[in-house]
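With compact mmCIF, C-alpha atoms and all ligand atoms inside, this is my_file35.txt:
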# COMPACT_ATOMS: atom_id res chain seq x y z
CA MET A 796 0.00 0.00 0.00
CA LEU A 797 2.80 2.40 0.87
CA LYS A 798 5.35 1.21 -1.69
CA GLY A 799 6.98 4.25 -3.25
CA LYS A 800 4.82 6.66 -1.26
CA LYS A 801 6.61 9.76 -0.06
CA ILE A 802 5.75 10.32 3.58
CA VAL A 803 6.86 13.35 5.58
CA VAL A 804 6.96 12.64 9.30
CA GLY A 805 6.67 15.92 11.21
CA ILE A 806 7.80 15.77 14.83
CA THR A 807 7.12 18.39 17.49
CA ALA A 808 8.31 18.62 21.10
CA GLY A 809 6.26 15.96 22.84
CA ILE A 810 7.60 13.09 24.92
CA ALA A 811 6.02 10.57 22.55
CA ALA A 812 8.62 11.68 19.98
CA TYR A 813 10.84 8.89 21.34
CA LYS A 814 8.53 6.37 19.61
CA ILE A 815 8.80 7.95 16.16
CA PRO A 816 11.97 6.12 15.04
CA LEU A 817 9.88 2.95 15.28
CA LEU A 818 7.14 4.49 13.09
CA ILE A 819 9.81 5.38 10.54
CA ARG A 820 11.17 1.80 10.57
CA LEU A 821 7.64 0.48 9.97
CA LEU A 822 7.04 2.93 7.11
CA LYS A 823 10.34 1.99 5.48
CA LYS A 824 9.51 -1.72 5.81
CA GLU A 825 6.31 -1.03 3.86
CA GLY A 826 8.39 0.51 1.08
CA ALA A 827 7.71 4.20 1.80
CA GLU A 828 10.27 6.95 1.39
CA VAL A 829 10.42 8.96 4.60
CA GLN A 830 11.52 12.53 5.16
CA VAL A 831 11.66 13.74 8.74
CA VAL A 832 10.93 17.39 9.50
CA MET A 833 11.14 18.48 13.12
CA THR A 834 10.69 21.63 15.16
CA PRO A 835 13.80 22.93 16.97
CA PHE A 836 12.54 21.87 20.44
CA ALA A 837 11.63 18.37 19.21
CA LYS A 838 15.40 17.70 19.06
CA ASP A 839 15.40 17.67 22.87
CA PHE A 840 13.17 14.57 22.78
CA VAL A 841 14.70 12.49 19.97
CA THR A 842 17.98 13.10 18.19
CA PRO A 843 18.21 14.07 14.51
CA LEU A 844 21.03 11.53 14.23
CA THR A 845 18.74 8.63 15.18
CA LEU A 846 16.04 9.90 12.83
CA SER A 847 18.34 10.43 9.88
CA VAL A 848 19.82 6.93 10.33
CA VAL A 849 16.41 5.19 10.42
CA SER A 850 14.96 7.32 7.61
CA ALA A 851 18.16 7.22 5.54
CA ARG A 852 17.78 10.94 4.81
CA PRO A 853 19.05 14.07 6.53
CA VAL A 854 16.49 15.54 8.93
CA LEU A 855 15.10 18.97 8.05
CA SER A 856 14.50 21.52 10.76
CA ASP A 857 16.00 24.82 9.59
CA TYR A 858 15.60 26.89 6.46
CA TYR A 859 19.28 26.66 5.63
CA VAL A 860 22.47 24.83 6.67
CA LYS A 861 24.51 27.15 8.88
CA ASP A 862 27.92 25.89 7.65
CA ASP A 863 27.50 26.33 3.92
CA GLY A 864 24.35 28.47 3.73
CA SER A 865 22.54 25.93 1.48
CA TRP A 866 18.80 26.42 1.41
CA HIS A 867 16.02 23.94 2.26
CA SER A 868 12.87 24.65 0.37
CA HIS A 869 9.69 24.20 2.44
CA VAL A 870 7.75 24.51 -0.84
CA ASP A 871 9.65 21.63 -2.48
CA ILE A 872 8.95 19.33 0.49
CA GLY A 873 5.28 20.35 0.40
CA LEU A 874 5.11 19.39 -3.29
CA TRP A 875 7.17 16.19 -2.90
CA ALA A 876 5.06 14.60 -0.18
CA ASP A 877 2.17 12.17 -0.76
CA ALA A 878 1.20 12.56 2.91
CA LEU A 879 2.35 14.38 6.01
CA ILE A 880 1.86 12.88 9.44
CA LEU A 881 2.42 15.16 12.41
CA ALA A 882 3.13 12.98 15.43
CA PRO A 883 3.38 13.87 18.19
CA LEU A 884 1.72 17.26 17.66
CA THR A 885 1.95 19.64 20.61
CA ALA A 886 -0.82 22.03 21.65
CA ASN A 887 1.55 24.88 20.76
CA THR A 888 2.25 23.85 17.15
CA MET A 889 -1.40 22.92 16.69
CA ALA A 890 -2.49 26.39 17.82
CA LYS A 891 -0.02 27.98 15.42
CA MET A 892 -1.34 25.82 12.57
CA ALA A 893 -4.90 26.83 13.40
CA ALA A 894 -3.84 30.48 13.22
CA GLY A 895 -1.76 30.08 10.05
CA ILE A 896 1.48 31.03 11.83
CA ALA A 897 4.68 30.01 10.05
CA ASP A 898 7.58 30.76 12.41
CA ASN A 899 9.63 27.63 11.79
CA PHE A 900 10.45 25.31 8.90
CA LEU A 901 7.81 22.70 9.79
CA LEU A 902 5.00 25.26 10.04
CA THR A 903 6.01 26.96 6.81
CA MET A 904 5.97 23.59 5.05
CA VAL A 905 2.45 22.94 6.39
CA LEU A 906 1.22 26.10 4.66
CA ALA A 907 2.84 25.05 1.38
CA LEU A 908 1.47 21.50 1.51
CA ARG A 909 -0.61 20.00 -1.31
CA CYS A 910 -1.08 16.50 0.10
CA PRO A 911 -3.28 15.04 2.86
CA LEU A 912 -2.20 15.94 6.38
CA PHE A 913 -2.68 13.63 9.38
CA PHE A 914 -2.25 15.03 12.88
CA ALA A 915 -1.89 13.22 16.18
CA PRO A 916 -2.22 15.75 19.02
CA THR A 917 -0.55 14.40 22.12
CA MET A 918 -0.48 16.11 25.50
CA ASP A 919 -1.34 15.81 29.14
CA LEU A 920 -4.85 15.25 30.42
CA ASP A 921 -5.85 18.79 31.40
CA MET A 922 -4.21 20.34 28.37
CA PHE A 923 -6.18 18.03 26.11
CA GLN A 924 -9.42 19.01 27.86
CA HIS A 925 -8.77 22.75 27.41
CA PRO A 926 -11.41 24.43 25.22
CA THR A 927 -8.81 26.13 23.02
CA VAL A 928 -7.22 22.75 22.25
CA LYS A 929 -10.63 21.35 21.31
CA GLN A 930 -11.35 24.40 19.13
CA ASN A 931 -8.01 24.03 17.38
CA ILE A 932 -8.58 20.33 16.66
CA HIS A 933 -11.94 21.31 15.20
CA LYS A 934 -10.38 24.10 13.13
CA LEU A 935 -7.77 21.74 11.67
CA GLN A 936 -10.46 19.18 10.85
CA SER A 937 -12.47 21.89 9.11
CA LEU A 938 -9.43 22.56 6.93
CA GLY A 939 -9.64 18.96 5.75
CA TYR A 940 -6.82 17.62 7.91
CA HIS A 941 -7.24 14.07 9.26
CA TYR A 942 -7.42 13.87 13.03
CA ILE A 943 -5.75 10.91 14.76
CA GLU A 944 -7.40 10.84 18.15
CA PRO A 945 -5.12 10.17 21.13
CA ASP A 946 -5.68 7.11 23.30
CA GLU A 947 -6.64 6.95 26.96
CA GLY A 948 -4.04 5.61 29.34
CA GLU A 949 -1.11 6.48 31.52
CA LEU A 950 0.43 9.84 30.64
CA ALA A 951 3.96 11.11 31.14
CA SER A 952 2.79 13.17 34.15
CA GLY A 953 1.59 10.01 35.88
CA LEU A 954 -2.03 11.06 35.41
CA LYS A 955 -4.40 8.69 33.64
CA GLY A 956 -6.69 9.86 30.84
CA LYS A 957 -6.85 10.93 27.22
CA GLY A 958 -3.78 12.34 25.54
CA ARG A 959 -1.47 9.38 24.74
CA MET A 960 -0.21 9.19 21.19
CA LYS A 961 -1.38 6.10 19.32
CA GLU A 962 1.31 3.44 19.07
CA PRO A 963 3.50 3.51 15.91
CA GLU A 964 1.76 0.38 14.54
CA GLU A 965 -1.61 2.17 14.76
CA LEU A 966 -0.24 5.33 13.14
CA LEU A 967 1.05 3.14 10.30
CA LYS A 968 -2.39 1.56 9.96
CA VAL A 969 -4.05 4.99 9.62
CA LEU A 970 -1.81 5.76 6.64
CA MET A 971 -2.22 2.29 5.12
CA ASP A 972 -6.01 2.50 5.42
CA TYR A 973 -5.98 5.91 3.78
CA PHE A 974 -3.91 4.80 0.81
CA SER A 975 -5.80 1.51 0.40
CA LYS A 976 -9.10 3.39 0.07
CA LYS A 977 -7.73 6.18 -2.00
CA GLN A 978 -7.91 4.66 -5.41
CA ASN A 979 -11.64 3.81 -5.62
CA PHE A 980 -12.66 7.08 -7.31
CA LYS A 981 -9.33 7.87 -8.99
CA GLY A 982 -9.96 9.55 -12.34
CA LYS A 983 -13.59 10.35 -11.47
CA ARG A 984 -14.96 13.88 -11.34
CA VAL A 985 -17.66 14.63 -8.82
CA MET A 986 -19.86 17.67 -8.24
CA VAL A 987 -21.27 18.21 -4.74
CA SER A 988 -23.62 21.01 -3.69
CA ALA A 989 -23.71 21.99 -0.02
CA GLY A 990 -25.07 24.56 2.39
CA PRO A 991 -28.10 26.82 2.26
CA THR A 992 -28.93 29.52 -0.26
CA HIS A 993 -29.74 33.11 0.73
CA GLU A 994 -32.48 34.84 -1.22
CA PRO A 995 -32.20 38.64 -0.87
CA ILE A 996 -35.08 40.74 0.42
CA ASP A 997 -32.95 43.89 0.33
CA PRO A 998 -29.16 44.48 0.37
CA VAL A 999 -28.86 43.37 4.03
CA ARG A 1000 -31.67 40.86 4.58
CA PHE A 1001 -32.40 37.48 3.10
CA ILE A 1002 -34.59 34.40 3.32
CA GLY A 1003 -32.43 31.43 4.23
CA ASN A 1004 -32.37 28.22 6.19
CA SER A 1005 -30.15 26.76 8.89
CA SER A 1006 -28.21 24.28 6.76
CA SER A 1007 -24.57 24.29 7.91
CA GLY A 1008 -23.12 22.69 4.77
CA LYS A 1009 -21.35 20.10 6.96
CA MET A 1010 -22.95 17.04 5.34
CA GLY A 1011 -22.08 18.14 1.80
CA MET A 1012 -18.56 19.11 2.88
CA ALA A 1013 -18.11 15.66 4.47
CA VAL A 1014 -19.24 14.03 1.20
CA ALA A 1015 -16.81 16.23 -0.79
CA LYS A 1016 -13.93 15.30 1.53
CA ALA A 1017 -14.81 11.60 1.47
CA PHE A 1018 -14.70 11.61 -2.35
CA ALA A 1019 -11.44 13.57 -2.40
CA GLY A 1020 -10.04 11.12 0.15
CA LYS A 1021 -10.68 8.33 -2.36
CA GLY A 1022 -8.99 10.02 -5.26
CA ALA A 1023 -11.87 11.92 -6.94
CA GLU A 1024 -11.56 15.45 -8.24
CA VAL A 1025 -14.35 17.36 -6.55
CA GLU A 1026 -16.21 20.49 -7.62
CA LEU A 1027 -17.96 21.78 -4.50
CA ILE A 1028 -20.73 24.32 -5.06
CA LEU A 1029 -21.02 25.89 -1.64
CA GLY A 1030 -23.76 28.17 -0.37
CA PRO A 1031 -23.04 31.02 2.07
CA VAL A 1032 -21.42 29.24 5.03
CA GLY A 1033 -17.99 29.79 6.55
CA LEU A 1034 -16.69 26.29 5.77
CA GLU A 1035 -13.36 25.91 4.07
CA THR A 1036 -11.04 23.09 3.13
CA HIS A 1037 -7.41 22.86 2.30
CA LEU A 1038 -7.61 19.70 0.20
CA PRO A 1039 -6.14 20.29 -3.26
CA ASP A 1040 -8.65 17.93 -4.93
CA ILE A 1041 -11.63 20.03 -3.84
CA HIS A 1042 -12.32 23.12 -5.91
CA ILE A 1043 -14.90 25.40 -4.31
CA THR A 1044 -17.33 27.65 -6.18
CA ARG A 1045 -19.02 29.94 -3.66
CA VAL A 1046 -22.58 31.04 -4.38
CA HIS A 1047 -25.32 32.88 -2.50
CA THR A 1048 -28.65 32.43 -4.22
CA ALA A 1049 -30.51 29.47 -5.68
CA ALA A 1050 -30.13 31.07 -9.12
CA GLU A 1051 -26.34 31.30 -8.71
CA MET A 1052 -26.20 27.69 -7.48
CA ASN A 1053 -28.30 26.59 -10.45
CA ALA A 1054 -26.02 28.35 -12.94
CA ALA A 1055 -22.89 26.87 -11.34
CA CYS A 1056 -24.34 23.34 -11.21
CA ARG A 1057 -25.63 23.43 -14.78
CA SER A 1058 -22.28 24.55 -16.15
CA ILE A 1059 -20.28 21.96 -14.17
CA PHE A 1060 -22.60 18.91 -14.29
CA PRO A 1061 -21.94 18.02 -17.97
CA HIS A 1062 -18.25 17.54 -17.10
CA VAL A 1063 -18.61 15.22 -14.10
CA ASP A 1064 -19.32 11.52 -13.57
CA ILE A 1065 -21.30 11.92 -10.35
CA GLY A 1066 -23.46 14.72 -8.93
CA VAL A 1067 -24.46 14.75 -5.26
CA MET A 1068 -26.89 17.52 -4.35
CA ALA A 1069 -26.70 17.95 -0.59
CA ALA A 1070 -27.55 21.68 -0.61
CA ALA A 1071 -30.69 22.94 1.09
CA VAL A 1072 -31.81 25.14 -1.78
CA ALA A 1073 -34.50 27.76 -1.07
CA ASP A 1074 -37.75 26.83 -2.80
CA PHE A 1075 -38.91 30.48 -3.03
CA THR A 1076 -37.18 33.78 -3.68
CA PRO A 1077 -38.44 37.39 -3.41
CA ILE A 1078 -39.75 38.57 -6.81
CA SER A 1079 -38.15 41.99 -6.63
CA PRO A 1080 -35.64 42.51 -3.83
CA ALA A 1081 -35.42 46.16 -2.72
CA LYS A 1082 -32.39 48.01 -4.08
CA GLU A 1083 -31.95 49.97 -0.84
CA LYS A 1084 -32.26 48.81 2.76
CA ILE A 1085 -35.94 48.73 3.74
CA LYS A 1086 -36.46 51.25 6.55
CA LYS A 1087 -38.49 50.19 9.54
CA ASP A 1088 -40.82 53.19 9.27
CA ARG A 1089 -41.98 51.81 5.91
CA SER A 1090 -44.66 49.25 6.44
CA LEU A 1091 -43.75 45.84 5.01
CA GLU A 1092 -46.71 43.57 5.20
CA GLN A 1093 -45.86 41.16 2.45
CA ILE A 1094 -42.86 39.90 0.55
CA HIS A 1095 -43.90 38.58 -2.84
CA LEU A 1096 -42.18 35.34 -3.68
CA LYS A 1097 -41.73 33.23 -6.77
CA PRO A 1098 -40.55 29.60 -6.86
CA THR A 1099 -36.88 28.96 -7.60
CA ASP A 1100 -35.83 26.47 -10.26
CA ASP A 1101 -35.50 22.95 -8.92
CA ILE A 1102 -31.81 22.47 -9.66
CA LEU A 1103 -31.83 18.73 -9.09
CA SER A 1104 -34.79 18.16 -11.41
CA GLY A 1105 -33.02 20.18 -14.10
CA LEU A 1106 -29.87 18.06 -13.70
CA GLY A 1107 -32.03 14.90 -13.82
CA LYS A 1108 -33.20 16.02 -17.27
CA MET A 1109 -29.65 16.79 -18.42
CA LYS A 1110 -28.24 13.47 -17.12
CA LYS A 1111 -26.47 11.38 -19.77
CA THR A 1112 -25.84 7.61 -19.78
CA GLY A 1113 -22.94 6.85 -17.46
CA GLN A 1114 -23.62 9.81 -15.18
CA TYR A 1115 -24.94 9.25 -11.65
CA LEU A 1116 -27.13 11.76 -9.84
CA ILE A 1117 -27.81 11.59 -6.12
CA GLY A 1118 -30.21 13.82 -4.20
CA PHE A 1119 -31.10 14.42 -0.59
CA ALA A 1120 -34.59 14.54 0.85
CA LEU A 1121 -35.37 16.31 4.09
CA GLU A 1122 -38.73 15.17 5.35
CA THR A 1123 -40.85 15.58 8.45
CA GLU A 1124 -43.73 13.20 7.59
CA ASP A 1125 -44.43 10.25 5.25
CA GLU A 1126 -40.70 10.19 4.86
CA LEU A 1127 -40.21 7.03 2.77
CA SER A 1128 -43.01 7.65 0.30
CA ASN A 1129 -42.09 11.34 -0.16
CA ALA A 1130 -38.46 10.44 -0.73
CA ARG A 1131 -39.37 7.65 -3.18
CA GLN A 1132 -41.46 10.14 -5.16
CA LYS A 1133 -38.56 12.61 -5.33
CA LEU A 1134 -36.23 9.80 -6.44
CA GLN A 1135 -38.50 9.00 -9.36
CA LYS A 1136 -39.66 12.51 -10.25
CA LYS A 1137 -36.15 13.97 -10.32
CA ASN A 1138 -34.66 11.01 -12.29
CA LEU A 1139 -32.15 10.11 -9.57
CA ASP A 1140 -29.98 7.05 -9.06
CA MET A 1141 -30.17 7.33 -5.29
CA ILE A 1142 -31.71 9.59 -2.66
CA VAL A 1143 -30.43 10.15 0.86
CA LEU A 1144 -33.33 10.55 3.24
CA ASN A 1145 -33.02 12.57 6.45
CA SER A 1146 -35.94 12.69 8.79
CA LEU A 1147 -36.13 15.69 11.07
CA LYS A 1148 -37.98 13.40 13.49
CA ASP A 1149 -34.69 11.61 14.20
CA GLU A 1150 -32.76 13.24 17.01
CA GLY A 1151 -29.23 14.23 15.94
CA ALA A 1152 -30.15 14.20 12.24
CA GLY A 1153 -30.45 17.04 9.75
CA PHE A 1154 -29.24 20.64 9.94
CA GLY A 1155 -26.42 22.05 12.02
CA THR A 1156 -25.48 18.90 13.97
CA ASP A 1157 -22.22 16.96 13.62
CA THR A 1158 -24.21 13.73 13.28
CA ASN A 1159 -26.78 12.39 10.87
CA LYS A 1160 -29.08 9.42 10.47
CA ILE A 1161 -29.90 8.44 6.92
CA THR A 1162 -31.88 5.97 4.86
CA LEU A 1163 -30.72 5.31 1.31
CA LEU A 1164 -33.30 4.73 -1.40
CA ILE A 1165 -32.31 3.22 -4.74
CA PRO A 1166 -34.81 2.39 -7.51
CA HIS A 1167 -36.14 -1.20 -7.25
CA GLN A 1168 -34.29 -1.88 -4.00
CA PRO A 1169 -35.54 -1.96 -0.40
CA PRO A 1170 -34.57 1.06 1.73
CA GLN A 1171 -31.29 0.78 3.66
CA ALA A 1172 -31.46 2.46 7.06
CA PHE A 1173 -28.27 3.38 8.91
CA PRO A 1174 -27.79 4.23 12.60
CA LEU A 1175 -26.91 7.71 13.89
CA LYS A 1176 -23.27 8.42 12.96
CA SER A 1177 -20.86 11.33 12.55
CA LYS A 1178 -21.37 13.18 9.26
CA GLU A 1179 -17.93 11.93 8.17
CA ALA A 1180 -18.99 8.30 8.72
CA VAL A 1181 -22.32 8.96 6.98
CA ALA A 1182 -20.42 10.39 4.00
CA GLU A 1183 -18.38 7.16 3.80
CA ASP A 1184 -21.63 5.11 3.78
CA ILE A 1185 -23.06 7.30 1.01
CA ILE A 1186 -20.04 7.02 -1.22
CA SER A 1187 -19.69 3.27 -0.64
CA ALA A 1188 -23.30 2.92 -1.83
CA ILE A 1189 -22.49 5.06 -4.90
CA GLN A 1190 -19.51 2.84 -5.63
CA LYS A 1191 -21.73 -0.27 -5.47
CA LEU A 1192 -24.21 1.40 -7.85
CA MET A 1193 -21.43 2.10 -10.32
CA GLU A 1194 -20.11 -1.46 -10.09
CA ALA A 1195 -23.57 -3.06 -10.53
N1 LIG B 1 -33.23 20.83 -4.58
C1 LIG B 1 -32.74 21.53 -5.65
N2 LIG B 1 -33.31 22.73 -6.01
C2 LIG B 1 -34.35 23.24 -5.30
C3 LIG B 1 -34.85 22.51 -4.20
C4 LIG B 1 -34.27 21.32 -3.87
O1 LIG B 1 -31.80 21.09 -6.29
N3 LIG B 1 -34.86 24.41 -5.66
C5 LIG B 1 -32.61 19.54 -4.25
C6 LIG B 1 -31.91 19.46 -2.92
O2 LIG B 1 -30.54 19.78 -3.03
C7 LIG B 1 -32.11 18.00 -2.53
C8 LIG B 1 -33.40 17.63 -3.20
O3 LIG B 1 -33.64 18.60 -4.19
O4 LIG B 1 -31.08 17.19 -3.06
C9 LIG B 1 -34.62 17.55 -2.30
O5 LIG B 1 -34.76 18.71 -1.57
P1 LIG B 1 -35.95 18.89 -0.52
O6 LIG B 1 -35.85 20.24 0.10
O7 LIG B 1 -36.01 17.68 0.39
O8 LIG B 1 -37.23 18.75 -1.42
P2 LIG B 1 -37.90 19.67 -2.47
O9 LIG B 1 -37.68 19.06 -3.82
O10 LIG B 1 -37.53 21.10 -2.29
O11 LIG B 1 -39.45 19.43 -2.10
P3 LIG B 1 -40.26 19.85 -0.76
O12 LIG B 1 -39.62 21.10 -0.25
O13 LIG B 1 -41.64 20.02 -1.29
O14 LIG B 1 -40.14 18.67 0.18
Show me the file's structure as C-alpha cells.
Ligand code: CTP
Amino acid sequence: MLKGKKIVVGITAGIAAYKIPLLIRLLKKEGAEVQVVMTPFAKDFVTPLTLSVVSARPVLSDYYVKDDGSWHSHVDIGLWADALILAPLTANTMAKMAAGIADNFLLTMVLALRCPLFFAPTMDLDMFQHPTVKQNIHKLQSLGYHYIEPDEGELASGLKGKGRMKEPEELLKVLMDYFSKKQNFKGKRVMVSAGPTHEPIDPVRFIGNSSSGKMGMAVAKAFAGKGAEVELILGPVGLETHLPDIHITRVHTAAEMNAACRSIFPHVDIGVMAAAVADFTPISPAKEKIKKDRSLEQIHLKPTDDILSGLGKMKKTGQYLIGFALETEDELSNARQKLQKKNLDMIVLNSLKDEGAGFGTDTNKITLLIPHQPPQAFPLKSKEAVAEDIISAIQKLMEA
C-alpha cells in the first residue's frame, strides 16, 4: 500500500517523539520513502542523528544549513510529499497551525502543503481538555486535515486519561487504510452542492435556512479522500477546506447555485446535491435597505428552479445523480417520489424526526433509497462516517 509513497513525518516537542523512530522503521519496511521534519525543540526529545539513520535521509528543521548556507525549500517538500503525518503534535504547534502562523520550517511547510495531512495531538490530560485545544482540533479538521485521536491511558505526568499518542503500529495503519481506500474514485470527477442559499429581500436581509453545509462538505472530503476530483458548489457558510482535490465555487442564491451546477454537471461523472436550496425567492428585492418606518406587510415570492430536477433532465448515460430529501412526515413515500420525479440514481433521506439528524449537527441518520431496492437504514453516525456510507453505496451502484 505504501510502496513508493513519499511520507513526511513531522515531529514536534512531545515526549512521545521517542517512539517515532519505530514508526519510521515500519514505514520503510512497507516501502515508503520517509523525510523527517522536526521543530527545533523536538530535538530535545529524539535526536536528529537517530532519525536520519532510520529514515536514511538528513532531517530537516532549519531553512538553511549554517555551515555552507545551502537552502532547504519548504515549498519543495510540500510538493514532494504524498502525505504528512504530524506525530506527536503539541498544543503549541497545533495552535499555530490553526492560526496560520509560520515561524519555523515545519509550520512553513504545512502552509505550502498539497497532500493530505494527518495530525496526532498528544499532550497531558488537562491540556487536552482545554477548550482552546478542542477548538483548534476542530479548526484543523475543518481545513480537511485528518485527526488521529489520542488514546486513553497512563500519561507522562503520571495522570491517567486521554492524551497518549497512538502506538506507531496504529499510526502506520491509519496511513495504510488511507492509501488503500484512496484509489476507488481515482480519475472520477464529482460535483457536490452543499449549504443553504440566501435569497435577498434587500441588500442586508435574506430568506435562508439553517443548513450548515457540513454534510455536503463531508461528502466532498470523502470523495477527495478516495482520489476523486471534486467540484464543491457551496452556499453562504464559513466552511473551508485545504484539500487540493476540492475546488470550491461559492454562491449565494438558488439562481447562482443553479447556474454553477448546470455549467459543471456536464463535465462530471457523479453529482451529489446535498444543498438545502431555497424553494422560493423574493420577486423583486429592494435596491436599498428597507427602513423600519416603511410598512412591510408582504414579501412577494416566486418559486426557484429545482436544480436537481433540471440536472435529472440533463443526465447522460454513465452519469450518476444523487439527491437528498429532508422530510418531516411520510418520509419514505415522499423520498421515493422525489427519487422517481427527479430522475435520480439514489436519494439520501433525512428525517427531522430523528434526534441528531439534519441541519447544524455533527451527526446524521440516513436511509438510502435506490430504484427497485428496499430502503437501507443506517444508525446515527458522525457526518464523516455517513459520507463514507453514502459514497460506498455510490460505488456499489457504479459497479452493478
Ligand atoms: N433541490 C434543488 N433545487 C431546489 C430545491 C431542492 O436542487 N430548488 C434539491 C436538494 O438539493 C435536494 C433535493 O432537491 O437534493 C430535495 O430537496 P428537498 O428540500 O427535500 O425537497 P424539495 O424538492 O424542495 O421538495 P419539498 O420542499 O416540497 O419537500
Next item on the list: Find the spatial neighbours of A:Leu906, counting only C-alpha atoms, within a cut-off of 8 Å - ignore same-chain residues fewer than 3 positions away - and output them as a list in words.
Entry: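 Contacts, in chain order: Gly895, Ala897, Leu902 and Thr903 of chain A.
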Let me have the centre and edge lengths of the axis-aligned box enclosing all listed atoms of stretch 950-960 of chain A with 6 Å padding on every side, in Å to one decimal, as lines of an AutoDock Vina configuration file.
center_x = -1.4
center_y = 10.9
center_z = 28.5
size_x = 22.8
size_y = 16.5
size_z = 26.7
Counting only C-alpha atoms, what is within 12 Å of A:Tyr973, bar same-chain residues fewer than 2 positions away, as a PDB file with C-alpha atoms, keeping the file's coordinate frame?
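What follows is the written file around_21.pdb:
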ATOM      1  CA  MET A 796       0.000   0.000   0.000  1.00  0.00           C
ATOM      2  CA  LEU A 797       2.800   2.400   0.870  1.00  0.00           C
ATOM      3  CA  LYS A 800       4.820   6.660  -1.260  1.00  0.00           C
ATOM      4  CA  ASP A 877       2.170  12.170  -0.760  1.00  0.00           C
ATOM      5  CA  ALA A 878       1.200  12.560   2.910  1.00  0.00           C
ATOM      6  CA  ILE A 880       1.860  12.880   9.440  1.00  0.00           C
ATOM      7  CA  PRO A 911      -3.280  15.040   2.860  1.00  0.00           C
ATOM      8  CA  LEU A 912      -2.200  15.940   6.380  1.00  0.00           C
ATOM      9  CA  PHE A 913      -2.680  13.630   9.380  1.00  0.00           C
ATOM     10  CA  HIS A 941      -7.240  14.070   9.260  1.00  0.00           C
ATOM     11  CA  LEU A 966      -0.240   5.330  13.140  1.00  0.00           C
ATOM     12  CA  LEU A 967       1.050   3.140  10.300  1.00  0.00           C
ATOM     13  CA  LYS A 968      -2.390   1.560   9.960  1.00  0.00           C
ATOM     14  CA  VAL A 969      -4.050   4.990   9.620  1.00  0.00           C
ATOM     15  CA  LEU A 970      -1.810   5.760   6.640  1.00  0.00           C
ATOM     16  CA  MET A 971      -2.220   2.290   5.120  1.00  0.00           C
ATOM     17  CA  SER A 975      -5.800   1.510   0.400  1.00  0.00           C
ATOM     18  CA  LYS A 976      -9.100   3.390   0.070  1.00  0.00           C
ATOM     19  CA  LYS A 977      -7.730   6.180  -2.000  1.00  0.00           C
ATOM     20  CA  GLN A 978      -7.910   4.660  -5.410  1.00  0.00           C
ATOM     21  CA  ASN A 979     -11.640   3.810  -5.620  1.00  0.00           C
ATOM     22  CA  ALA A1017     -14.810  11.600   1.470  1.00  0.00           C
ATOM     23  CA  ALA A1019     -11.440  13.570  -2.400  1.00  0.00           C
ATOM     24  CA  GLY A1020     -10.040  11.120   0.150  1.00  0.00           C
ATOM     25  CA  LYS A1021     -10.680   8.330  -2.360  1.00  0.00           C
ATOM     26  CA  GLY A1022      -8.990  10.020  -5.260  1.00  0.00           C
TER      27      GLY A1022
END
Note to self: Nearest residue to ligand LIG 1 (chain B) out of A:Lys1133, A:Lys929, A:Arg852, A:His1042, using only C-alpha atoms and all ligand atoms?
What the structure shows: A:Lys1133
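Residues surrounding A:Val985 within 6 Å are Val1025, Val1063, Asp1064, Ile1065 and Gly1066 of chain A [all atoms listed in the file; sequence separation below 4 positions excluded].
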Item checked: Selected residue, from A:Gly1011, A:Gly1155, A:Pro1169, A:Pro1061, that lies nearest to ligand LIG 1 (chain B) when counting only C-alpha atoms and all ligand atoms ->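 Closest to ligand LIG 1 (chain B) of all the choices is A:Gly1011.
Among A:Asp1149, A:Glu1179, A:Glu828, A:Asp1125, the residue with the shortest atom-to-atom distance to ligand LIG 1 (chain B), counting all atoms listed in the file, is A:Asp1125.
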What residues have any atom no more than 10 Å from ligand LIG 1 (chain B) when counting only C-alpha atoms and all ligand atoms, and can you list them as a compact mmCIF listing (two decimals) with C-alpha atoms, keeping the file's coordinate frame?
# COMPACT_ATOMS: atom_id res chain seq x y z
CA VAL A 987 -21.27 18.21 -4.74
CA SER A 988 -23.62 21.01 -3.69
CA ALA A 989 -23.71 21.99 -0.02
CA GLY A 990 -25.07 24.56 2.39
CA PRO A 991 -28.10 26.82 2.26
CA THR A 992 -28.93 29.52 -0.26
CA GLY A 1011 -22.08 18.14 1.80
CA ALA A 1049 -30.51 29.47 -5.68
CA ALA A 1050 -30.13 31.07 -9.12
CA MET A 1052 -26.20 27.69 -7.48
CA ASN A 1053 -28.30 26.59 -10.45
CA CYS A 1056 -24.34 23.34 -11.21
CA GLY A 1066 -23.46 14.72 -8.93
CA VAL A 1067 -24.46 14.75 -5.26
CA MET A 1068 -26.89 17.52 -4.35
CA ALA A 1069 -26.70 17.95 -0.59
CA ALA A 1070 -27.55 21.68 -0.61
CA ALA A 1071 -30.69 22.94 1.09
CA VAL A 1072 -31.81 25.14 -1.78
CA ALA A 1073 -34.50 27.76 -1.07
CA ASP A 1074 -37.75 26.83 -2.80
CA PHE A 1075 -38.91 30.48 -3.03
CA THR A 1076 -37.18 33.78 -3.68
CA PRO A 1098 -40.55 29.60 -6.86
CA THR A 1099 -36.88 28.96 -7.60
CA ASP A 1100 -35.83 26.47 -10.26
CA ASP A 1101 -35.50 22.95 -8.92
CA ILE A 1102 -31.81 22.47 -9.66
CA LEU A 1103 -31.83 18.73 -9.09
CA SER A 1104 -34.79 18.16 -11.41
CA GLY A 1105 -33.02 20.18 -14.10
CA LEU A 1106 -29.87 18.06 -13.70
CA GLY A 1107 -32.03 14.90 -13.82
CA LEU A 1116 -27.13 11.76 -9.84
CA ILE A 1117 -27.81 11.59 -6.12
CA GLY A 1118 -30.21 13.82 -4.20
CA PHE A 1119 -31.10 14.42 -0.59
CA ALA A 1120 -34.59 14.54 0.85
CA LEU A 1121 -35.37 16.31 4.09
CA GLU A 1122 -38.73 15.17 5.35
CA THR A 1123 -40.85 15.58 8.45
CA GLU A 1124 -43.73 13.20 7.59
CA GLU A 1126 -40.70 10.19 4.86
CA ASN A 1129 -42.09 11.34 -0.16
CA ALA A 1130 -38.46 10.44 -0.73
CA GLN A 1132 -41.46 10.14 -5.16
CA LYS A 1133 -38.56 12.61 -5.33
CA LEU A 1134 -36.23 9.80 -6.44
CA LYS A 1136 -39.66 12.51 -10.25
CA LYS A 1137 -36.15 13.97 -10.32
CA LEU A 1139 -32.15 10.11 -9.57
CA ILE A 1142 -31.71 9.59 -2.66
CA VAL A 1143 -30.43 10.15 0.86
CA LEU A 1144 -33.33 10.55 3.24
CA ASN A 1145 -33.02 12.57 6.45
CA SER A 1146 -35.94 12.69 8.79
